[in-house]
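Q: As input, take query30.pdb (PDB, C-alpha atoms):
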ATOM      1  CA  MET A   1      -0.999  10.637  82.475  1.00  0.00           C
ATOM      2  CA  GLU A   2      -0.611  11.211  78.758  1.00  0.00           C
ATOM      3  CA  LEU A   3      -2.588  14.186  77.478  1.00  0.00           C
ATOM      4  CA  ILE A   4      -3.966  12.228  74.497  1.00  0.00           C
ATOM      5  CA  LYS A   5      -5.497   9.633  76.860  1.00  0.00           C
ATOM      6  CA  SER A   6      -7.007  12.159  79.265  1.00  0.00           C
ATOM      7  CA  LYS A   7     -10.369  13.811  79.803  1.00  0.00           C
ATOM      8  CA  THR A   8      -8.488  17.117  79.502  1.00  0.00           C
ATOM      9  CA  TYR A   9      -7.676  16.269  75.883  1.00  0.00           C
ATOM     10  CA  GLU A  10     -11.386  15.855  75.134  1.00  0.00           C
ATOM     11  CA  ASN A  11     -12.176  19.061  77.047  1.00  0.00           C
ATOM     12  CA  LEU A  12      -9.594  20.960  74.990  1.00  0.00           C
ATOM     13  CA  ALA A  13     -11.331  19.768  71.817  1.00  0.00           C
ATOM     14  CA  LYS A  14     -14.752  20.800  73.168  1.00  0.00           C
ATOM     15  CA  ALA A  15     -13.395  24.182  74.198  1.00  0.00           C
ATOM     16  CA  PHE A  16     -11.759  24.674  70.787  1.00  0.00           C
ATOM     17  CA  ALA A  17     -15.048  23.881  69.029  1.00  0.00           C
ATOM     18  CA  GLY A  18     -16.955  26.149  71.399  1.00  0.00           C
ATOM     19  CA  GLU A  19     -14.624  29.092  70.840  1.00  0.00           C
ATOM     20  CA  CYS A  20     -14.788  28.644  67.061  1.00  0.00           C
ATOM     21  CA  MET A  21     -18.573  28.638  67.248  1.00  0.00           C
ATOM     22  CA  ALA A  22     -18.640  31.680  69.537  1.00  0.00           C
ATOM     23  CA  GLN A  23     -16.374  33.512  67.119  1.00  0.00           C
ATOM     24  CA  ASN A  24     -18.848  32.932  64.301  1.00  0.00           C
ATOM     25  CA  ARG A  25     -21.943  33.684  66.404  1.00  0.00           C
ATOM     26  CA  TYR A  26     -20.397  37.031  67.346  1.00  0.00           C
ATOM     27  CA  LYS A  27     -19.558  37.721  63.711  1.00  0.00           C
ATOM     28  CA  TYR A  28     -23.279  37.284  62.993  1.00  0.00           C
ATOM     29  CA  ILE A  29     -24.131  39.765  65.751  1.00  0.00           C
ATOM     30  CA  GLU A  30     -21.482  42.137  64.367  1.00  0.00           C
ATOM     31  CA  TYR A  31     -23.067  41.840  60.920  1.00  0.00           C
ATOM     32  CA  GLY A  32     -26.475  42.645  62.394  1.00  0.00           C
ATOM     33  CA  ALA A  33     -25.072  45.686  64.196  1.00  0.00           C
ATOM     34  CA  ARG A  34     -23.538  46.994  60.963  1.00  0.00           C
ATOM     35  CA  GLN A  35     -26.793  46.403  59.083  1.00  0.00           C
ATOM     36  CA  LYS A  36     -28.629  48.535  61.654  1.00  0.00           C
ATOM     37  CA  GLY A  37     -26.014  51.315  61.443  1.00  0.00           C
ATOM     38  CA  TYR A  38     -24.301  50.578  64.759  1.00  0.00           C
ATOM     39  CA  LYS A  39     -20.723  50.704  63.537  1.00  0.00           C
ATOM     40  CA  ASN A  40     -19.670  51.403  67.124  1.00  0.00           C
ATOM     41  CA  ILE A  41     -21.111  48.126  68.444  1.00  0.00           C
ATOM     42  CA  ALA A  42     -19.720  46.245  65.433  1.00  0.00           C
ATOM     43  CA  GLN A  43     -16.212  47.463  66.222  1.00  0.00           C
ATOM     44  CA  VAL A  44     -16.504  46.352  69.837  1.00  0.00           C
ATOM     45  CA  LEU A  45     -17.756  42.950  68.664  1.00  0.00           C
ATOM     46  CA  ASP A  46     -14.922  42.682  66.167  1.00  0.00           C
ATOM     47  CA  ALA A  47     -12.445  42.912  69.045  1.00  0.00           C
ATOM     48  CA  VAL A  48     -14.303  40.140  70.902  1.00  0.00           C
ATOM     49  CA  VAL A  49     -14.322  37.980  67.746  1.00  0.00           C
ATOM     50  CA  TYR A  50     -10.523  38.284  67.548  1.00  0.00           C
ATOM     51  CA  GLN A  51     -10.198  37.394  71.235  1.00  0.00           C
ATOM     52  CA  GLU A  52     -12.353  34.299  70.713  1.00  0.00           C
ATOM     53  CA  PHE A  53     -10.119  33.356  67.776  1.00  0.00           C
ATOM     54  CA  ASN A  54      -7.106  33.547  70.065  1.00  0.00           C
ATOM     55  CA  HIS A  55      -8.810  31.444  72.724  1.00  0.00           C
ATOM     56  CA  ALA A  56      -9.429  28.779  70.068  1.00  0.00           C
ATOM     57  CA  ARG A  57      -5.818  29.105  68.892  1.00  0.00           C
ATOM     58  CA  MET A  58      -4.498  28.440  72.388  1.00  0.00           C
ATOM     59  CA  PHE A  59      -6.717  25.379  72.852  1.00  0.00           C
ATOM     60  CA  TYR A  60      -5.636  24.109  69.426  1.00  0.00           C
ATOM     61  CA  SER A  61      -1.978  24.629  70.357  1.00  0.00           C
ATOM     62  CA  PHE A  62      -2.325  22.427  73.430  1.00  0.00           C
ATOM     63  CA  ILE A  63      -4.196  19.767  71.439  1.00  0.00           C
ATOM     64  CA  GLN A  64      -1.257  19.623  69.022  1.00  0.00           C
ATOM     65  CA  THR A  65       1.158  18.845  71.877  1.00  0.00           C
ATOM     66  CA  ALA A  66      -0.751  15.634  72.651  1.00  0.00           C
ATOM     67  CA  SER A  67       0.855  13.630  69.856  1.00  0.00           C
ATOM     68  CA  GLU A  68       3.920  13.695  67.647  1.00  0.00           C
ATOM     69  CA  LYS A  69       1.748  12.204  64.924  1.00  0.00           C
ATOM     70  CA  THR A  70      -0.934  14.032  62.997  1.00  0.00           C
ATOM     71  CA  ILE A  71      -4.228  14.105  64.858  1.00  0.00           C
ATOM     72  CA  ASP A  72      -6.759  13.203  62.194  1.00  0.00           C
ATOM     73  CA  ASN A  73      -9.928  13.432  64.241  1.00  0.00           C
ATOM     74  CA  ILE A  74     -11.187  13.883  67.788  1.00  0.00           C
ATOM     75  CA  ASP A  75     -14.680  12.559  68.368  1.00  0.00           C
ATOM     76  CA  ILE A  76     -16.492  14.772  70.838  1.00  0.00           C
ATOM     77  CA  ALA A  77     -20.085  15.172  71.866  1.00  0.00           C
ATOM     78  CA  SER A  78     -21.074  18.411  73.501  1.00  0.00           C
ATOM     79  CA  GLY A  79     -23.874  20.925  73.548  1.00  0.00           C
ATOM     80  CA  TYR A  80     -23.448  24.336  71.942  1.00  0.00           C
ATOM     81  CA  PRO A  81     -25.964  27.207  71.932  1.00  0.00           C
ATOM     82  CA  PHE A  82     -27.979  28.102  68.831  1.00  0.00           C
ATOM     83  CA  ARG A  83     -30.444  30.565  70.394  1.00  0.00           C
ATOM     84  CA  MET A  84     -29.571  33.677  68.421  1.00  0.00           C
ATOM     85  CA  LYS A  85     -32.041  35.059  65.924  1.00  0.00           C
ATOM     86  CA  TRP A  86     -31.899  38.435  64.188  1.00  0.00           C
ATOM     87  CA  ASP A  87     -32.694  40.832  67.032  1.00  0.00           C
ATOM     88  CA  LEU A  88     -29.548  42.718  68.045  1.00  0.00           C
ATOM     89  CA  ALA A  89     -30.544  43.413  71.655  1.00  0.00           C
ATOM     90  CA  ASP A  90     -31.671  39.813  72.261  1.00  0.00           C
ATOM     91  CA  ASN A  91     -28.487  38.464  70.693  1.00  0.00           C
ATOM     92  CA  LEU A  92     -26.325  40.604  72.984  1.00  0.00           C
ATOM     93  CA  LEU A  93     -28.212  39.175  75.954  1.00  0.00           C
ATOM     94  CA  PHE A  94     -27.819  35.604  74.657  1.00  0.00           C
ATOM     95  CA  ALA A  95     -24.086  36.215  74.136  1.00  0.00           C
ATOM     96  CA  ALA A  96     -23.778  37.509  77.716  1.00  0.00           C
ATOM     97  CA  GLU A  97     -25.466  34.351  79.023  1.00  0.00           C
ATOM     98  CA  ASP A  98     -23.276  32.069  76.888  1.00  0.00           C
ATOM     99  CA  GLU A  99     -20.090  33.780  78.050  1.00  0.00           C
ATOM    100  CA  ARG A 100     -21.215  33.648  81.673  1.00  0.00           C
ATOM    101  CA  ASP A 101     -21.835  29.886  81.333  1.00  0.00           C
ATOM    102  CA  GLU A 102     -18.290  29.376  80.064  1.00  0.00           C
ATOM    103  CA  ALA A 103     -16.845  31.625  82.780  1.00  0.00           C
ATOM    104  CA  GLU A 104     -18.760  30.222  85.728  1.00  0.00           C
ATOM    105  CA  ARG A 105     -19.490  26.595  84.871  1.00  0.00           C
ATOM    106  CA  ILE A 106     -17.703  25.089  81.868  1.00  0.00           C
ATOM    107  CA  TYR A 107     -14.127  26.347  82.075  1.00  0.00           C
ATOM    108  CA  PRO A 108     -13.798  26.129  85.875  1.00  0.00           C
ATOM    109  CA  GLU A 109     -14.874  22.459  85.619  1.00  0.00           C
ATOM    110  CA  TYR A 110     -12.397  21.840  82.794  1.00  0.00           C
ATOM    111  CA  ALA A 111      -9.680  23.525  84.900  1.00  0.00           C
ATOM    112  CA  ARG A 112     -10.524  21.332  87.892  1.00  0.00           C
ATOM    113  CA  ILE A 113     -10.243  18.189  85.744  1.00  0.00           C
ATOM    114  CA  ALA A 114      -6.977  19.325  84.156  1.00  0.00           C
ATOM    115  CA  GLU A 115      -5.493  20.059  87.576  1.00  0.00           C
ATOM    116  CA  LYS A 116      -6.617  16.664  88.865  1.00  0.00           C
ATOM    117  CA  GLU A 117      -5.062  14.939  85.841  1.00  0.00           C
ATOM    118  CA  GLY A 118      -1.757  16.770  86.360  1.00  0.00           C
ATOM    119  CA  PHE A 119      -1.986  19.423  83.629  1.00  0.00           C
ATOM    120  CA  ALA A 120      -1.442  22.574  85.659  1.00  0.00           C
ATOM    121  CA  ASP A 121      -0.566  24.654  82.590  1.00  0.00           C
ATOM    122  CA  ILE A 122      -3.815  23.689  80.859  1.00  0.00           C
ATOM    123  CA  ALA A 123      -5.774  24.306  84.070  1.00  0.00           C
ATOM    124  CA  GLY A 124      -4.219  27.776  84.110  1.00  0.00           C
ATOM    125  CA  LEU A 125      -5.279  28.334  80.501  1.00  0.00           C
ATOM    126  CA  PHE A 126      -8.884  27.376  81.289  1.00  0.00           C
ATOM    127  CA  ASN A 127      -8.900  29.678  84.331  1.00  0.00           C
ATOM    128  CA  ASN A 128      -7.387  32.587  82.407  1.00  0.00           C
ATOM    129  CA  ILE A 129      -9.882  32.242  79.568  1.00  0.00           C
ATOM    130  CA  ALA A 130     -12.741  31.946  82.084  1.00  0.00           C
ATOM    131  CA  ALA A 131     -11.719  35.355  83.469  1.00  0.00           C
ATOM    132  CA  VAL A 132     -11.832  36.876  79.968  1.00  0.00           C
ATOM    133  CA  GLU A 133     -15.189  35.257  79.238  1.00  0.00           C
ATOM    134  CA  HIS A 134     -16.514  36.845  82.437  1.00  0.00           C
ATOM    135  CA  ARG A 135     -15.438  40.265  81.073  1.00  0.00           C
ATOM    136  CA  HIS A 136     -17.098  39.450  77.739  1.00  0.00           C
ATOM    137  CA  SER A 137     -20.319  38.634  79.598  1.00  0.00           C
ATOM    138  CA  GLU A 138     -20.162  41.974  81.397  1.00  0.00           C
ATOM    139  CA  LEU A 139     -19.504  43.809  78.113  1.00  0.00           C
ATOM    140  CA  PHE A 140     -22.418  42.133  76.321  1.00  0.00           C
ATOM    141  CA  THR A 141     -24.667  42.834  79.324  1.00  0.00           C
ATOM    142  CA  ARG A 142     -23.752  46.552  79.278  1.00  0.00           C
ATOM    143  CA  LEU A 143     -24.270  46.801  75.517  1.00  0.00           C
ATOM    144  CA  HIS A 144     -27.620  45.026  75.787  1.00  0.00           C
ATOM    145  CA  ALA A 145     -28.789  47.306  78.603  1.00  0.00           C
ATOM    146  CA  ARG A 146     -27.743  50.482  76.798  1.00  0.00           C
ATOM    147  CA  LEU A 147     -29.386  49.364  73.556  1.00  0.00           C
ATOM    148  CA  ALA A 148     -32.578  48.036  75.194  1.00  0.00           C
ATOM    149  CA  ASN A 149     -32.950  51.142  77.412  1.00  0.00           C
ATOM    150  CA  ASN A 150     -32.176  53.564  74.586  1.00  0.00           C
ATOM    151  CA  THR A 151     -29.146  54.889  76.478  1.00  0.00           C
ATOM    152  CA  LEU A 152     -26.487  53.966  73.943  1.00  0.00           C
ATOM    153  CA  TYR A 153     -25.860  57.684  73.382  1.00  0.00           C
ATOM    154  CA  LYS A 154     -26.727  58.995  76.867  1.00  0.00           C
ATOM    155  CA  ALA A 155     -24.961  59.002  80.226  1.00  0.00           C
ATOM    156  CA  ASN A 156     -25.882  60.244  83.706  1.00  0.00           C
ATOM    157  CA  GLU A 157     -22.607  62.145  84.091  1.00  0.00           C
ATOM    158  CA  PRO A 158     -20.371  63.809  81.505  1.00  0.00           C
ATOM    159  CA  VAL A 159     -18.267  61.156  79.762  1.00  0.00           C
ATOM    160  CA  VAL A 160     -15.958  60.970  76.759  1.00  0.00           C
ATOM    161  CA  TRP A 161     -17.705  60.173  73.455  1.00  0.00           C
ATOM    162  CA  LYS A 162     -15.401  59.193  70.625  1.00  0.00           C
ATOM    163  CA  CYS A 163     -15.958  58.998  66.877  1.00  0.00           C
ATOM    164  CA  ALA A 164     -14.669  55.625  65.702  1.00  0.00           C
ATOM    165  CA  ASP A 165     -14.137  56.992  62.195  1.00  0.00           C
ATOM    166  CA  CYS A 166     -11.830  59.919  62.912  1.00  0.00           C
ATOM    167  CA  GLY A 167     -10.994  59.870  66.631  1.00  0.00           C
ATOM    168  CA  TYR A 168     -12.763  63.129  67.500  1.00  0.00           C
ATOM    169  CA  GLU A 169     -13.638  63.216  71.208  1.00  0.00           C
ATOM    170  CA  TYR A 170     -16.298  65.172  73.063  1.00  0.00           C
ATOM    171  CA  VAL A 171     -17.166  65.309  76.779  1.00  0.00           C
ATOM    172  CA  GLY A 172     -20.850  65.506  77.661  1.00  0.00           C
ATOM    173  CA  LYS A 173     -23.928  63.626  78.864  1.00  0.00           C
ATOM    174  CA  THR A 174     -25.113  62.860  75.332  1.00  0.00           C
ATOM    175  CA  ALA A 175     -23.256  61.888  72.188  1.00  0.00           C
ATOM    176  CA  PHE A 176     -23.308  64.158  69.155  1.00  0.00           C
ATOM    177  CA  LYS A 177     -25.692  63.088  66.370  1.00  0.00           C
ATOM    178  CA  THR A 178     -23.141  63.906  63.644  1.00  0.00           C
ATOM    179  CA  CYS A 179     -19.395  64.093  64.190  1.00  0.00           C
ATOM    180  CA  PRO A 180     -18.348  67.745  63.862  1.00  0.00           C
ATOM    181  CA  LEU A 181     -15.001  66.703  62.389  1.00  0.00           C
ATOM    182  CA  CYS A 182     -15.814  64.022  59.783  1.00  0.00           C
ATOM    183  CA  GLN A 183     -19.632  64.127  59.632  1.00  0.00           C
ATOM    184  CA  ALA A 184     -19.994  60.455  60.638  1.00  0.00           C
ATOM    185  CA  LYS A 185     -23.461  59.482  61.822  1.00  0.00           C
ATOM    186  CA  GLN A 186     -24.171  58.688  65.457  1.00  0.00           C
ATOM    187  CA  GLY A 187     -23.732  54.933  64.826  1.00  0.00           C
ATOM    188  CA  SER A 188     -19.980  55.608  64.707  1.00  0.00           C
ATOM    189  CA  ILE A 189     -19.942  57.265  68.124  1.00  0.00           C
ATOM    190  CA  MET A 190     -19.062  55.200  71.172  1.00  0.00           C
ATOM    191  CA  LEU A 191     -18.880  55.849  74.853  1.00  0.00           C
ATOM    192  CA  GLU A 192     -15.232  55.426  75.766  1.00  0.00           C
ATOM    193  CA  GLY A 193     -14.571  52.323  77.841  1.00  0.00           C
ATOM    194  CA  ILE A 194     -17.911  50.624  77.248  1.00  0.00           C
TER     195      ILE A 194
END
Output the file's structure in the form of structure tokens.
A:
Amino acid sequence: MELIKSKTYENLAKAFAGECMAQNRYKYIEYGARQKGYKNIAQVLDAVVYQEFNHARMFYSFIQTASEKTIDNIDIASGYPFRMKWDLADNLLFAAEDERDEAERIYPEYARIAEKEGFADIAGLFNNIAAVEHRHSELFTRLHARLANNTLYKANEPVVWKCADCGYEYVGKTAFKTCPLCQAKQGSIMLEGI
């Protein structure tokens, strides 16, 4: 089967559009985190934004292999979430749910179709990205829980707290309110490995 005549081709276009939209939704959340002084959360989100960009790039790359000619337009109809408002904690929870939907429902189905149509490499791409989206869902869930439960700067056991501005590290159950090295405010402090 030719890629350009397949359901996989349409699914690649939907996935590309979805990743582009996710990238921008997470930029909005990042902006909200910065506005509230959570530079630490913004930096974590910035890494996710770049990963979403690369997911879109990979889908786009496969789309481009479908034809030697320029692809002017791909008509697709699909649903995309628009639930986010301006509450940081709620938006982290919405992002976790959106990523989980991609990881557990959308991309596994796209992988199944690609495999059935004979595109094992594209099926592998969908499965690999689904695994990353699962990790994104877990990350957003942890950030939401820590923010909602007011434990962003607290831990049950001593952990490493790191200043994102200067790299200063401290081991303890609570993060420092002001970095002793560069005087950054607590919004720059992040639990290592969150």
Q: Would you kindly return, as a compact mmCIF listing (two decimals) with C-alpha atoms, in the coordinates of the input, each protein, DNA or RNA residue with an atom no farther than 8 Å from any atom of segment 5-13 of chain A, considering all atoms listed in the file and excluding same-chain residues fewer than 5 positions away?
A:
# COMPACT_ATOMS: atom_id res chain seq x y z
CA PHE A 59 -6.72 25.38 72.85
CA TYR A 60 -5.64 24.11 69.43
CA PHE A 62 -2.33 22.43 73.43
CA ILE A 63 -4.20 19.77 71.44
CA ALA A 66 -0.75 15.63 72.65
CA ILE A 74 -11.19 13.88 67.79
CA ILE A 76 -16.49 14.77 70.84
CA TYR A 110 -12.40 21.84 82.79
CA ILE A 113 -10.24 18.19 85.74
CA ALA A 114 -6.98 19.32 84.16
CA GLU A 117 -5.06 14.94 85.84
Q: So that each row is one residue of segment 137-158 of chain A with an atom at most 8 Å from segment 88-91 of chain A, can you give its shortest atom pair and the distance in Å to one decimal, using all atoms listed in the file, rows by chain and rising number, as a tab-separated table?
A:
residue	atom	partner	partner_atom	distance
A:His144	CA	A:Ala89	CA	5.3
A:Leu147	CA	A:Ala89	CA	6.4
A:Ala148	CA	A:Ala89	CA	6.2
Q: Using the chain letters and numbers from the file, give me the residues hit by the PyMOL selection byres ((chain A and resi 138) around 12), as a CSV table (one decimal) with C-alpha atoms, in the coordinates of the input.
A:
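Everything below was put into expr15.csv:
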chain,number,residue,atom,x,y,z
A,92,LEU,CA,-26.3,40.6,73.0
A,93,LEU,CA,-28.2,39.2,76.0
A,95,ALA,CA,-24.1,36.2,74.1
A,96,ALA,CA,-23.8,37.5,77.7
A,97,GLU,CA,-25.5,34.4,79.0
A,98,ASP,CA,-23.3,32.1,76.9
A,99,GLU,CA,-20.1,33.8,78.0
A,100,ARG,CA,-21.2,33.6,81.7
A,103,ALA,CA,-16.8,31.6,82.8
A,131,ALA,CA,-11.7,35.4,83.5
A,132,VAL,CA,-11.8,36.9,80.0
A,133,GLU,CA,-15.2,35.3,79.2
A,134,HIS,CA,-16.5,36.8,82.4
A,135,ARG,CA,-15.4,40.3,81.1
A,136,HIS,CA,-17.1,39.4,77.7
A,137,SER,CA,-20.3,38.6,79.6
A,139,LEU,CA,-19.5,43.8,78.1
A,140,PHE,CA,-22.4,42.1,76.3
A,141,THR,CA,-24.7,42.8,79.3
A,142,ARG,CA,-23.8,46.6,79.3
A,143,LEU,CA,-24.3,46.8,75.5
A,144,HIS,CA,-27.6,45.0,75.8
A,145,ALA,CA,-28.8,47.3,78.6
A,194,ILE,CA,-17.9,50.6,77.2
Q: What is the atom CA of Gln186 of chain A-atom CA of Phe53 of chain A distance in Å, reported with one decimal?
A: 29.1 Å
Q: Between atom CA of Ala123 of chain A and atom CA of Ala47 of chain A, measure the distance and give it in Å to one decimal.
A: 24.8 Å
Q: A:Ile4, A:Ile71, A:Ala56, A:Met190: which is nearest Ala164 of chain A, counting all atoms listed in the file?
A: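 Closest to Ala164 of chain A, using all atoms listed in the file: A:Met190.
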Q: Could you tell me how far atom CA of Ser188 of chain A lies from atom CA of Lys27 of chain A, in Å and to one decimal?
A: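 Atom CA of Ser188 of chain A sits 17.9 Å away from atom CA of Lys27 of chain A.
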Q: From the set A:Leu3, A:Val171, A:Met21, A:Ile122, which residue has the shortest atom-to-atom contact distance to Pro158 of chain A, counting only C-alpha atoms?
A: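 With only C-alpha atoms as the atom set, the closest residue is A:Val171.
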Q: Would you compute the box with edges along x, y and z of the file around segment 81-96 of chain A, including every atom the file lists for it and 6 Å extra on each side, and give its centre and edge lengths in Å to one decimal, as AutoDock Vina command-line options?
A:
--center_x -28.2 --center_y 35.3 --center_z 71.0 --size_x 20.9 --size_y 28.2 --size_z 25.5
Q: For a quick check of understanding, using only C-alpha atoms, which of A:Asp121, A:Gly187, A:Gln51, A:Tyr80 has the smallest distance to Lys36 of chain A?
A: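 The closest residue to Lys36 of chain A is A:Gly187.
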Q: Could you write out as a VMD selection string the residues that the PyMOL selection byres ((chain A and resi 39) around 12) matches in the shown file?
A: chain A and resid 29 to 38 40 to 46 163 to 165 184 to 190
Q: Looking at all atoms listed in the file, which of A:Phe94, A:Met58, A:Tyr50, A:Asn127 is the one that sits closest to Glu109 of chain A?
A: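 Closest residue, counting all atoms listed in the file: A:Asn127.
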